[in-house]
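What follows is the content of work24.cif, which has mmCIF, C-alpha atoms and all ligand atoms:
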data_upload
#
loop_
_atom_site.label_atom_id
_atom_site.label_comp_id
_atom_site.auth_asym_id
_atom_site.auth_seq_id
_atom_site.Cartn_x
_atom_site.Cartn_y
_atom_site.Cartn_z
CA MET A 1 -94.96 -3.37 -234.72
CA SER A 2 -98.27 -3.32 -236.51
CA THR A 3 -100.24 -0.12 -236.92
CA THR A 4 -102.73 0.40 -234.12
CA THR A 5 -105.71 2.62 -234.68
CA THR A 6 -106.88 4.52 -231.65
CA THR A 7 -108.85 7.08 -233.63
CA ASP A 8 -112.17 7.84 -232.01
CA ARG A 9 -114.46 10.36 -233.69
CA THR A 10 -115.69 11.57 -230.32
CA ASP A 11 -112.20 12.17 -228.92
CA PRO A 12 -110.34 15.09 -230.53
CA THR A 13 -107.14 14.09 -228.71
CA ALA A 14 -107.07 10.54 -230.11
CA ARG A 15 -104.28 9.79 -232.56
CA THR A 16 -103.44 6.86 -234.83
CA VAL A 17 -100.40 5.18 -233.33
CA VAL A 18 -97.77 3.98 -235.81
CA ALA A 19 -95.11 2.74 -233.39
CA VAL A 20 -94.12 2.93 -229.75
CA SER A 21 -90.50 2.80 -228.60
CA GLU A 22 -88.85 2.88 -225.19
CA ARG A 23 -89.46 6.61 -224.67
CA LEU A 24 -91.49 7.74 -227.69
CA VAL A 25 -94.79 7.37 -229.46
CA LEU A 26 -95.03 7.90 -233.22
CA THR A 27 -98.42 8.76 -234.68
CA ARG A 28 -99.87 9.70 -238.04
CA PRO A 29 -99.82 13.46 -238.58
CA ARG A 30 -103.32 14.88 -238.40
CA GLU A 31 -105.22 18.09 -239.11
CA GLY A 32 -104.57 19.58 -235.64
CA ASP A 33 -100.78 19.34 -236.00
CA VAL A 34 -100.45 22.50 -238.07
CA GLY A 35 -99.20 24.50 -235.05
CA ALA A 36 -96.53 21.89 -234.30
CA VAL A 37 -95.47 21.72 -237.96
CA PHE A 38 -95.11 25.51 -238.01
CA ALA A 39 -93.32 25.68 -234.63
CA ILE A 40 -90.72 23.16 -235.83
CA HIS A 41 -90.39 24.14 -239.50
CA GLY A 42 -90.71 27.88 -238.86
CA ASP A 43 -87.83 27.92 -236.38
CA PRO A 44 -84.60 29.33 -237.92
CA GLU A 45 -82.59 27.02 -235.65
CA THR A 46 -84.11 23.84 -237.11
CA ASN A 47 -83.58 25.17 -240.66
CA ARG A 48 -80.01 26.39 -240.40
CA TYR A 49 -78.97 24.11 -243.27
CA ASN A 50 -82.18 24.39 -245.28
CA PRO A 51 -81.56 26.59 -248.36
CA HIS A 52 -85.26 27.50 -248.41
CA GLY A 53 -85.00 28.80 -244.83
CA PRO A 54 -87.70 28.44 -242.20
CA GLN A 55 -91.39 28.59 -243.04
CA ARG A 56 -92.64 32.16 -242.74
CA GLU A 57 -96.39 31.71 -242.89
CA LEU A 58 -98.83 29.26 -241.41
CA VAL A 59 -100.12 28.43 -244.87
CA GLN A 60 -96.75 26.82 -245.67
CA ALA A 61 -97.11 24.58 -242.63
CA ARG A 62 -100.64 23.74 -243.70
CA GLU A 63 -99.43 22.70 -247.17
CA MET A 64 -96.65 20.57 -245.69
CA LEU A 65 -99.05 18.90 -243.26
CA ASP A 66 -101.54 18.23 -246.06
CA GLY A 67 -98.70 16.48 -247.90
CA PHE A 68 -97.79 14.39 -244.84
CA VAL A 69 -101.43 13.32 -244.42
CA ALA A 70 -101.82 12.56 -248.16
CA ASP A 71 -98.71 10.35 -248.12
CA TRP A 72 -100.29 8.13 -245.46
CA VAL A 73 -103.58 7.93 -247.34
CA ARG A 74 -101.83 7.07 -250.65
CA ASP A 75 -99.00 4.78 -249.48
CA GLY A 76 -99.92 3.63 -245.97
CA VAL A 77 -96.57 5.00 -244.83
CA GLY A 78 -95.13 8.46 -244.29
CA TYR A 79 -93.63 10.87 -241.80
CA CYS A 80 -94.83 10.64 -238.21
CA ALA A 81 -95.51 13.11 -235.45
CA VAL A 82 -93.29 12.23 -232.49
CA ALA A 83 -94.09 12.76 -228.80
CA THR A 84 -92.70 11.34 -225.60
CA ARG A 85 -94.68 8.63 -223.88
CA GLU A 86 -94.61 10.86 -220.80
CA ASP A 87 -96.30 13.72 -222.65
CA PRO A 88 -98.07 12.21 -225.68
CA GLY A 89 -100.03 15.40 -226.35
CA THR A 90 -96.96 17.48 -227.24
CA VAL A 91 -95.36 16.94 -230.64
CA ILE A 92 -91.59 17.33 -230.28
CA GLY A 93 -90.64 16.47 -233.84
CA PHE A 94 -91.42 14.76 -237.11
CA ALA A 95 -89.61 11.67 -238.34
CA GLY A 96 -90.13 8.75 -240.63
CA LEU A 97 -90.07 7.49 -244.18
CA TYR A 98 -91.61 8.86 -247.35
CA LEU A 99 -91.87 6.77 -250.52
CA HIS A 100 -90.62 8.61 -253.57
CA THR A 101 -88.65 8.22 -256.78
CA LEU A 102 -85.00 9.25 -256.87
CA ASP A 103 -83.13 8.95 -260.17
CA GLY A 104 -85.83 6.59 -261.41
CA GLU A 105 -85.59 4.33 -258.34
CA ARG A 106 -88.35 3.82 -255.77
CA VAL A 107 -86.80 4.67 -252.40
CA PHE A 108 -87.71 5.64 -248.87
CA ASN A 109 -86.57 9.09 -247.86
CA LEU A 110 -85.62 9.17 -244.19
CA TYR A 111 -86.56 12.39 -242.43
CA TYR A 112 -86.14 13.86 -238.97
CA ARG A 113 -86.64 17.35 -237.61
CA PHE A 114 -87.08 18.03 -233.91
CA ARG A 115 -87.60 21.02 -231.65
CA PRO A 116 -84.17 22.20 -230.43
CA SER A 117 -85.30 21.50 -226.84
CA ALA A 118 -85.46 17.81 -227.84
CA TRP A 119 -81.96 17.62 -229.35
CA GLY A 120 -79.09 15.76 -227.73
CA LEU A 121 -81.30 13.16 -226.07
CA GLY A 122 -81.20 10.45 -228.71
CA TYR A 123 -84.87 10.99 -229.57
CA ALA A 124 -84.31 11.46 -233.31
CA ALA A 125 -82.35 8.22 -233.54
CA GLU A 126 -84.94 6.36 -231.48
CA ALA A 127 -87.80 7.70 -233.60
CA ALA A 128 -86.05 6.91 -236.89
CA ARG A 129 -85.32 3.34 -235.75
CA ALA A 130 -88.93 2.84 -234.66
CA ALA A 131 -90.25 4.19 -237.97
CA MET A 132 -87.91 1.95 -239.97
CA ALA A 133 -88.75 -1.12 -237.88
CA GLU A 134 -92.42 -0.53 -238.57
CA ALA A 135 -92.24 0.29 -242.27
CA LEU A 136 -89.36 -1.65 -243.81
CA PRO A 137 -90.73 -5.18 -243.29
CA ARG A 138 -93.90 -4.06 -245.06
CA HIS A 139 -91.88 -2.82 -248.07
CA PRO A 140 -89.07 -5.34 -248.48
CA GLY A 141 -86.29 -4.32 -250.83
CA VAL A 142 -87.05 -0.60 -250.85
CA PRO A 143 -83.76 1.14 -250.02
CA VAL A 144 -83.54 3.94 -247.44
CA VAL A 145 -81.86 7.18 -248.47
CA ALA A 146 -81.37 10.52 -246.76
CA LEU A 147 -80.57 13.76 -248.58
CA ILE A 148 -78.42 15.91 -246.32
CA HIS A 149 -76.41 19.07 -246.89
CA ALA A 150 -72.72 18.38 -246.52
CA ASP A 151 -72.35 20.89 -243.70
CA ASN A 152 -75.32 19.55 -241.66
CA LEU A 153 -73.07 17.53 -239.40
CA PRO A 154 -75.65 16.71 -236.68
CA SER A 155 -77.89 15.18 -239.33
CA ARG A 156 -75.06 13.35 -241.09
CA ARG A 157 -73.81 11.95 -237.76
CA LEU A 158 -77.29 10.69 -237.01
CA ALA A 159 -77.67 9.13 -240.48
CA GLU A 160 -74.37 7.31 -239.99
CA ARG A 161 -75.43 6.05 -236.55
CA LEU A 162 -78.54 4.68 -238.23
CA GLY A 163 -76.44 2.75 -240.76
CA LEU A 164 -76.53 5.08 -243.76
CA VAL A 165 -73.37 6.01 -245.64
CA ALA A 166 -72.61 9.00 -247.84
CA ASP A 167 -72.42 8.27 -251.55
CA PRO A 168 -68.78 7.27 -252.21
CA ASP A 169 -68.77 9.33 -255.42
CA GLY A 170 -70.17 12.38 -253.62
CA ARG A 171 -73.42 12.19 -255.61
CA THR A 172 -75.87 14.96 -254.73
CA ASP A 173 -79.48 15.73 -255.64
CA GLU A 174 -80.68 18.81 -257.52
CA GLU A 175 -80.57 20.81 -254.25
CA ASP A 176 -76.93 19.89 -253.71
CA ARG A 177 -77.70 17.54 -250.84
CA VAL A 178 -75.40 14.55 -250.38
CA ILE A 179 -77.17 11.24 -250.99
CA HIS A 180 -76.78 8.95 -247.98
CA ARG A 181 -77.93 5.37 -248.33
CA MET A 182 -78.53 2.44 -246.02
CA ALA A 183 -75.47 0.21 -246.33
C1 LIG B 201 -80.75 16.25 -237.05
C2 LIG B 201 -81.31 16.24 -235.63
C3 LIG B 201 -82.66 15.56 -235.62
C4 LIG B 201 -80.32 15.47 -234.75
O1 LIG B 201 -80.76 15.53 -233.41
P1 LIG B 201 -79.83 14.97 -232.26
O2 LIG B 201 -80.51 15.28 -230.99
O3 LIG B 201 -78.42 15.43 -232.44
O4 LIG B 201 -79.81 13.44 -232.59
P2 LIG B 201 -80.19 12.27 -231.62
O5 LIG B 201 -81.62 12.37 -231.21
O6 LIG B 201 -79.79 11.00 -232.27
O7 LIG B 201 -79.31 12.54 -230.36
C5 LIG B 201 -77.99 12.12 -230.38
C6 LIG B 201 -77.22 12.91 -229.37
O8 LIG B 201 -77.87 12.80 -228.10
C7 LIG B 201 -76.97 12.23 -227.14
N1 LIG B 201 -77.76 11.39 -226.23
C8 LIG B 201 -78.10 11.75 -224.98
N2 LIG B 201 -78.87 10.81 -224.43
C9 LIG B 201 -79.00 9.80 -225.34
C10 LIG B 201 -79.67 8.54 -225.33
N3 LIG B 201 -80.37 8.11 -224.29
N4 LIG B 201 -79.60 7.79 -226.46
C11 LIG B 201 -78.91 8.19 -227.54
N5 LIG B 201 -78.25 9.38 -227.60
C12 LIG B 201 -78.30 10.17 -226.49
C13 LIG B 201 -75.92 11.50 -227.94
O9 LIG B 201 -74.71 11.47 -227.23
C14 LIG B 201 -75.84 12.34 -229.20
O10 LIG B 201 -75.00 13.45 -229.04
P3 LIG B 201 -73.83 13.74 -230.11
O11 LIG B 201 -74.50 13.82 -231.47
O12 LIG B 201 -73.26 15.04 -229.65
O13 LIG B 201 -72.92 12.58 -230.02
C15 LIG B 201 -81.46 17.66 -235.08
O14 LIG B 201 -80.22 18.29 -235.08
C16 LIG B 201 -82.46 18.48 -235.89
O15 LIG B 201 -83.67 18.37 -235.74
N6 LIG B 201 -81.88 19.35 -236.75
C17 LIG B 201 -82.68 20.24 -237.58
C18 LIG B 201 -83.40 19.53 -238.68
C19 LIG B 201 -82.49 18.86 -239.66
O16 LIG B 201 -81.43 19.37 -240.00
N7 LIG B 201 -82.93 17.68 -240.09
C20 LIG B 201 -82.23 16.92 -241.07
C21 LIG B 201 -82.60 17.36 -242.44
S1 LIG B 201 -81.63 16.47 -243.62
#
Please re-express this file's structure in C-alpha cells.
Ligand SMILES: CC(C)(COP(=O)(O)OP(=O)(O)OC[C@H]1O[C@@H](n2cnc3c(N)ncnc32)[C@H](O)[C@@H]1OP(=O)(O)O)[C@@H](O)C(=O)NCCC(=O)NCCS
Amino acid sequence: MSTTTTTDRTDPTARTVVAVSERLVLTRPREGDVGAVFAIHGDPETNRYNPHGPQRELVQAREMLDGFVADWVRDGVGYCAVATREDPGTVIGFAGLYLHTLDGERVFNLYYRFRPSAWGLGYAAEAARAAMAEALPRHPGVPVVALIHADNLPSRRLAERLGLVADPDGRTDEEDRVIHRMA
C-alpha cells in the first residue's frame, strides 16, 4: 500500500497513514505521541526482557520518539504508531522496520512493542505484516532481522510466525540478543 498523507496543519488529530490492515491503522509517529511512547516503554511488563529496563523519565520517551521521527525524515521508513481502526486516536503499540547496519550489512530491524492490554489478539503480527508489505517492495533485497533475547519467548514465537528464523550458529549482537532473520 502506498503512503497516504492525511496531515492537515489545522487538524491536530490528523496523522500520516503508512498502512491500513484488517483491524489496524499504522501511522508515522509524531510529536504528540510522547505519552504513548512513555506508557508503552515505561511499563515494566513490556520490558521484562529488556536489559535496560523500562524508561523511567519522560525525557527518555522524548528522545526515543525524536529518533523514530528522524528515521522517517531520513529514510522514508521507520517504526509506526499502531491503533485499531475502531479507535484510531489511541496508540496501542509501536511496530515496523528501521534501516540500520548490522555487522557491516544494511538491514531492516523488525520491531514490535504493544500495551499488555493489546497482547494475545494477533495485533503485533498483523501490524508487522502490514509494515513489511508497505516497506519491503520499496527496498528490494534489504533483509529483515530481529534481535531478540533468547528467553523472550512471546517475541521469538511471533518472529517465527512472521517467517524469521534464529541464527543457526546462535549468533548474537553486542547486547546478547539472538539474531533472527527472514528465511
Ligand atoms: C512481543 C509481543 C508484541 C507479542 O504480542 P502477542 O500478542 O503475543 O503477539 P500477536 O499479536 O501476534 O498475538 C498472537 C497471539 O494472539 C492470539 N490471537 C488471538 N486472536 C488472534 C487473531 N485474530 N489473529 C492472530 N492471533 C490471534 C494467538 O493465538 C497468539 O497467541 P499465542 O502466542 O499464545 O499462540 C508482546 O508480547 C510485547 O509487546 N512484548 C513486549 C515487548 C517486546 O518484548 N518486544 C520484542 C522486543 S525484541
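Take the candidates A:Gly141, A:Gly96, A:Gly89, A:Gly170 and check each one against Ala124 (chain A) using only C-alpha atoms; the shortest distance goes to A:Gly96.
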Residues within 10 Å of Thr90 (chain A), all atoms listed in the file, excluding chain neighbours under 4 positions, as a VMD selection string: chain A and resid 33 36 81 to 86
Env. residues ligand LIG 201 (chain B) / 6 Å / only C-alpha atoms and all ligand atoms / as an NGL selection string: :A and (46-47 or 112-114 or 119-125 or 147-148 or 154-155 or 158)
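CA of Gly76 (chain A) is positioned 20.5 Å from CA of Val34 (chain A).
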Test item: residues at most 12 Å from Arg28 (chain A), only C-alpha atoms, excluding those fewer than 3 positions along its chain, as a VMD selection string: chain A and resid 3 to 7 14 to 19 25 31 to 33 65 to 66 68 to 73 76 to 83 91 94 to 97 131
